[in-house]
Structure formats: C-alpha cells, structure tokens
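*Asks:* Structure file structure_32.pdb, PDB, C-alpha atoms, is pasted below:
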```
MODEL        1
ATOM      1  CA  MET A 184     128.131 182.759 198.278  1.00  0.00           C
ATOM      2  CA  ALA A 185     128.855 184.587 195.022  1.00  0.00           C
ATOM      3  CA  LYS A 186     125.896 186.120 193.246  1.00  0.00           C
ATOM      4  CA  LEU A 187     125.238 184.612 189.794  1.00  0.00           C
ATOM      5  CA  THR A 188     124.581 186.841 186.806  1.00  0.00           C
ATOM      6  CA  GLN A 189     121.522 186.387 184.638  1.00  0.00           C
ATOM      7  CA  ASP A 190     123.669 184.837 181.882  1.00  0.00           C
ATOM      8  CA  GLU A 191     125.186 182.356 184.342  1.00  0.00           C
ATOM      9  CA  LEU A 192     121.720 181.368 185.577  1.00  0.00           C
ATOM     10  CA  LEU A 193     120.483 180.880 182.015  1.00  0.00           C
ATOM     11  CA  ALA A 194     123.530 178.728 181.252  1.00  0.00           C
ATOM     12  CA  GLN A 195     122.658 176.523 184.238  1.00  0.00           C
ATOM     13  CA  PHE A 196     119.026 176.206 183.115  1.00  0.00           C
ATOM     14  CA  GLU A 197     120.138 175.221 179.598  1.00  0.00           C
ATOM     15  CA  GLU A 198     121.909 172.174 181.020  1.00  0.00           C
ATOM     16  CA  MET A 199     118.808 170.960 182.908  1.00  0.00           C
ATOM     17  CA  THR A 200     116.359 168.398 181.555  1.00  0.00           C
ATOM     18  CA  LEU A 201     112.694 169.332 181.389  1.00  0.00           C
ATOM     19  CA  ILE A 202     111.993 167.158 184.419  1.00  0.00           C
ATOM     20  CA  GLU A 203     114.722 168.891 186.453  1.00  0.00           C
ATOM     21  CA  LEU A 204     113.497 172.308 185.304  1.00  0.00           C
ATOM     22  CA  ALA A 205     109.892 171.486 186.273  1.00  0.00           C
ATOM     23  CA  ALA A 206     111.064 170.379 189.724  1.00  0.00           C
ATOM     24  CA  PHE A 207     113.022 173.629 190.088  1.00  0.00           C
ATOM     25  CA  VAL A 208     109.990 175.727 189.112  1.00  0.00           C
ATOM     26  CA  SER A 209     107.857 173.893 191.677  1.00  0.00           C
ATOM     27  CA  ALA A 210     110.445 174.464 194.406  1.00  0.00           C
ATOM     28  CA  PHE A 211     110.750 178.133 193.402  1.00  0.00           C
ATOM     29  CA  GLU A 212     106.976 178.592 193.556  1.00  0.00           C
ATOM     30  CA  GLU A 213     106.833 177.029 197.019  1.00  0.00           C
ATOM     31  CA  LYS A 214     109.810 178.969 198.386  1.00  0.00           C
ATOM     32  CA  PHE A 215     108.620 182.385 197.223  1.00  0.00           C
ATOM     33  CA  ASP A 216     104.842 181.720 197.255  1.00  0.00           C
ATOM     34  CA  VAL A 217     104.401 182.676 193.583  1.00  0.00           C
ATOM     35  CA  THR A 218     102.940 181.051 190.484  1.00  0.00           C
ATOM     36  CA  ALA A 219     104.763 180.835 187.161  1.00  0.00           C
ATOM     37  CA  ALA A 220     101.768 179.481 185.221  1.00  0.00           C
ATOM     38  CA  ALA A 221     101.305 182.581 183.033  1.00  0.00           C
ATOM     39  CA  ALA A 222     104.938 182.720 181.919  1.00  0.00           C
ATOM     40  CA  ALA A 223     105.483 178.975 181.507  1.00  0.00           C
ATOM     41  CA  PRO A 224     103.673 178.502 178.140  1.00  0.00           C
ATOM     42  CA  VAL A 225     105.629 181.362 176.565  1.00  0.00           C
ATOM     43  CA  VAL A 226     108.937 179.983 177.821  1.00  0.00           C
ATOM     44  CA  MET A 227     108.023 176.424 176.871  1.00  0.00           C
ATOM     45  CA  ALA A 228     106.941 177.384 173.348  1.00  0.00           C
ATOM     46  CA  GLY A 229     110.181 179.266 172.721  1.00  0.00           C
ATOM     47  CA  GLY A 230     112.251 176.482 174.240  1.00  0.00           C
ATOM     48  CA  VAL A 231     110.623 173.794 172.115  1.00  0.00           C
ATOM     49  CA  ALA A 232     111.092 175.651 168.845  1.00  0.00           C
ATOM     50  CA  GLY A 233     114.733 176.405 169.616  1.00  0.00           C
ATOM     51  CA  GLY A 234     115.340 172.866 170.817  1.00  0.00           C
ATOM     52  CA  GLU A 235     113.976 171.353 167.611  1.00  0.00           C
ATOM     53  CA  ALA A 236     116.185 173.550 165.449  1.00  0.00           C
ATOM     54  CA  ALA A 237     119.259 172.658 167.482  1.00  0.00           C
ATOM     55  CA  ALA A 238     118.363 168.957 167.411  1.00  0.00           C
ATOM     56  CA  GLU A 239     118.116 168.988 163.616  1.00  0.00           C
ATOM     57  CA  GLU A 240     121.584 170.518 163.348  1.00  0.00           C
ATOM     58  CA  GLU A 241     123.439 168.382 165.892  1.00  0.00           C
ATOM     59  CA  LYS A 242     121.768 165.003 166.474  1.00  0.00           C
ATOM     60  CA  ASP A 243     124.472 163.890 168.892  1.00  0.00           C
ATOM     61  CA  GLU A 244     122.152 163.532 171.879  1.00  0.00           C
ATOM     62  CA  PHE A 245     119.166 161.216 171.895  1.00  0.00           C
ATOM     63  CA  ASP A 246     116.336 160.431 174.304  1.00  0.00           C
ATOM     64  CA  VAL A 247     115.082 156.863 174.710  1.00  0.00           C
ATOM     65  CA  ILE A 248     111.370 157.011 175.527  1.00  0.00           C
ATOM     66  CA  LEU A 249     109.452 153.990 176.790  1.00  0.00           C
ATOM     67  CA  THR A 250     106.028 154.156 175.114  1.00  0.00           C
ATOM     68  CA  ALA A 251     104.550 150.853 176.371  1.00  0.00           C
ATOM     69  CA  ALA A 252     105.713 148.028 178.623  1.00  0.00           C
ATOM     70  CA  GLY A 253     104.082 145.224 176.634  1.00  0.00           C
ATOM     71  CA  ASP A 254     103.206 141.788 178.015  1.00  0.00           C
ATOM     72  CA  LYS A 255     106.504 141.170 179.838  1.00  0.00           C
ATOM     73  CA  LYS A 256     106.358 144.083 182.261  1.00  0.00           C
ATOM     74  CA  ILE A 257     108.666 142.457 184.823  1.00  0.00           C
ATOM     75  CA  GLN A 258     111.374 141.945 182.183  1.00  0.00           C
ATOM     76  CA  VAL A 259     111.031 145.563 181.092  1.00  0.00           C
ATOM     77  CA  ILE A 260     111.397 146.745 184.705  1.00  0.00           C
ATOM     78  CA  LYS A 261     114.598 144.674 185.012  1.00  0.00           C
ATOM     79  CA  VAL A 262     116.021 146.243 181.848  1.00  0.00           C
ATOM     80  CA  VAL A 263     115.086 149.758 183.043  1.00  0.00           C
ATOM     81  CA  ARG A 264     116.931 149.073 186.300  1.00  0.00           C
ATOM     82  CA  GLU A 265     119.999 147.889 184.347  1.00  0.00           C
ATOM     83  CA  LEU A 266     119.973 150.999 182.130  1.00  0.00           C
ATOM     84  CA  THR A 267     119.440 153.480 184.966  1.00  0.00           C
ATOM     85  CA  SER A 268     120.410 153.744 188.586  1.00  0.00           C
ATOM     86  CA  LEU A 269     116.782 153.498 189.689  1.00  0.00           C
ATOM     87  CA  GLY A 270     115.597 151.235 192.451  1.00  0.00           C
ATOM     88  CA  LEU A 271     112.848 148.668 191.977  1.00  0.00           C
ATOM     89  CA  LYS A 272     110.033 151.003 193.066  1.00  0.00           C
ATOM     90  CA  GLU A 273     111.208 153.883 190.872  1.00  0.00           C
ATOM     91  CA  ALA A 274     111.725 151.613 187.848  1.00  0.00           C
ATOM     92  CA  LYS A 275     108.225 150.150 188.297  1.00  0.00           C
ATOM     93  CA  GLU A 276     106.735 153.661 188.531  1.00  0.00           C
ATOM     94  CA  LEU A 277     108.557 154.679 185.350  1.00  0.00           C
ATOM     95  CA  VAL A 278     107.260 151.606 183.486  1.00  0.00           C
ATOM     96  CA  ASP A 279     103.728 152.084 184.845  1.00  0.00           C
ATOM     97  CA  GLY A 280     103.694 155.763 183.856  1.00  0.00           C
ATOM     98  CA  THR A 281     104.545 155.341 180.184  1.00  0.00           C
ATOM     99  CA  PRO A 282     105.294 157.187 177.997  1.00  0.00           C
ATOM    100  CA  LYS A 283     108.370 158.264 179.955  1.00  0.00           C
ATOM    101  CA  PRO A 284     112.020 158.889 179.051  1.00  0.00           C
ATOM    102  CA  VAL A 285     114.373 156.139 180.227  1.00  0.00           C
ATOM    103  CA  LEU A 286     117.573 157.815 179.023  1.00  0.00           C
ATOM    104  CA  GLU A 287     118.018 161.483 178.168  1.00  0.00           C
ATOM    105  CA  LYS A 288     120.822 163.120 176.217  1.00  0.00           C
ATOM    106  CA  ALA A 289     122.522 159.813 175.480  1.00  0.00           C
ATOM    107  CA  ASN A 290     124.893 159.346 172.571  1.00  0.00           C
ATOM    108  CA  LYS A 291     123.696 157.440 169.500  1.00  0.00           C
ATOM    109  CA  GLU A 292     125.372 154.165 170.465  1.00  0.00           C
ATOM    110  CA  ALA A 293     124.020 154.127 174.033  1.00  0.00           C
ATOM    111  CA  ALA A 294     120.529 155.100 172.848  1.00  0.00           C
ATOM    112  CA  ASP A 295     120.485 152.302 170.272  1.00  0.00           C
ATOM    113  CA  LYS A 296     121.704 149.712 172.783  1.00  0.00           C
ATOM    114  CA  ALA A 297     119.082 150.802 175.319  1.00  0.00           C
ATOM    115  CA  ALA A 298     116.310 150.720 172.718  1.00  0.00           C
ATOM    116  CA  GLU A 299     117.321 147.237 171.564  1.00  0.00           C
ATOM    117  CA  ALA A 300     117.463 145.936 175.152  1.00  0.00           C
ATOM    118  CA  LEU A 301     113.999 147.324 175.906  1.00  0.00           C
ATOM    119  CA  LYS A 302     112.553 145.953 172.658  1.00  0.00           C
ATOM    120  CA  ALA A 303     114.071 142.539 173.393  1.00  0.00           C
ATOM    121  CA  ALA A 304     112.257 142.610 176.757  1.00  0.00           C
ATOM    122  CA  GLY A 305     108.959 143.263 174.948  1.00  0.00           C
ATOM    123  CA  ALA A 306     108.618 147.031 175.342  1.00  0.00           C
ATOM    124  CA  SER A 307     107.698 149.641 172.750  1.00  0.00           C
ATOM    125  CA  VAL A 308     110.371 152.338 172.475  1.00  0.00           C
ATOM    126  CA  GLU A 309     110.991 155.606 170.617  1.00  0.00           C
ATOM    127  CA  VAL A 310     114.399 157.183 170.113  1.00  0.00           C
ATOM    128  CA  LYS A 311     114.236 160.939 169.599  1.00  0.00           C
TER     129      LYS A 311
ENDMDL
END
```
Can you dump the structure from the file as structure tokens?

*Replies:*
Amino acid sequence: MAKLTQDELLAQFEEMTLIELAAFVSAFEEKFDVTAAAAAPVVMAGGVAGGEAAAEEEKDEFDVILTAAGDKKIQVIKVVRELTSLGLKEAKELVDGTPKPVLEKANKEAADKAAEALKAAGASVEVK
C-alpha cells in the first residue's frame, strides 16, 4: 500500500462530513490507544470558522436538518426513508434524535425538495 502524504490525508479529511470525521477519530483512538480530546477543540474551532467563510462565498451545498418530528412522527419517518437509504430502525433513530441532519452537502434544489417533503409530513426543518 502506498504511503499517503500529509497533504493527501488532509485532502481526504476535507471531503468527510463531521459525523464521518468523528467516527474516524473514535476508531483512531481505539486502534492506537490515544485520546484526541485536547486537540479536538482547537481543530474544531478553526474548522468552523473556515467553513463559515467558505459557505458564505459558495452556497452551492446545503444541509437539511430535522429540528422536530411534530405530531405525525410516522409520516416523517417515511419521508426520511424516502430521502435517504436508511432502514426503518435507522430512520426512526434519526427522527427520535432530533436535531439531526437528514441530507448533507445537497444542492439547492434537492435541499428545498427535501425540506418541503419533511414540512408536508409535519416536521420542523432548517436548511443551512
């Protein structure tokens, strides 16, 4: 296996969502029996500030965040399953654990359609 350079590794991390990156950090900590808690706030603070500046410039990728399921929780779960490739259990866990992102890095049209579908099912949604 070819050894990756630091720049190549950083490029890979840039493409990851925060959820994927958190899962990677957990796996890394377990594998090497280390803790990244001290460095994480510094990295996160820098990443958030840079991410906000880039988001203001581009605005071509949007996240659809489910903030509340509302009264028709079953309908919302059905819509979440339609929008994602999640199974019933995973979709229910996502709806129960609000606020959670349903779609990440979606284009404007897909984000708007997803938000409208969730709102029509009775959910509260944010598009960021």

*Asks:* Translate the PyMOL selection byres ((chain A and resi 256-259) around 9) into a concrete residue list for this structure, as a PyMOL selection string.

*Replies:* chain A and resi 252-255+260-264+275+278-279+300-306

*Asks:* Interatomic distance between atom CA of Glu198 of chain A and atom CA of Glu212 of chain A?

*Replies:*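 Taking atom CA of Glu198 of chain A and atom CA of Glu212 of chain A, their separation equals 20.5 Å.
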
*Asks:* If I take atom CA of Lys296 of chain A and atom CA of Ala251 of chain A, how far is one from the other in Å, to one decimal?

*Replies:*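 If I compute the distance from atom CA of Lys296 of chain A to atom CA of Ala251 of chain A, I get 17.6 Å.
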
*Asks:* Ranking A:Ala205, A:Val310, A:Ala194, A:Met199 by minimum distance to Ala298 of chain A and counting all atoms listed in the file, which one comes first?

*Replies:* A:Val310

*Asks:* Grab the atom CA of Asn290 of chain A to atom CA of Ala274 of chain A distance for me, in Å with one decimal place.

*Replies:*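 Interatomic distance, atom CA of Asn290 of chain A to atom CA of Ala274 of chain A: 21.6 Å.
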
*Asks:* Using all atoms listed in the file, can you tell me which of A:Val208, A:Leu277, A:Leu187, A:Ile202 comes closest to Thr250 of chain A?

*Replies:*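 Distance minimum relative to Thr250 of chain A lands on A:Leu277.
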
*Asks:* Any idea what's packed within 9 Å of Ala294 of chain A, counting all atoms listed in the file, ignoring anything in its chain fewer than 4 positions away? Could you give it as a PyMOL selection string?

*Replies:* chain A and resi 244-247+286-290+298-299+310

*Asks:* Counting all atoms listed in the file, which residue out of A:Val285, A:Ala210, A:Ile248, A:Leu271 sits closest to Lys311 of chain A?

*Replies:*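 Closest candidate: A:Ile248.
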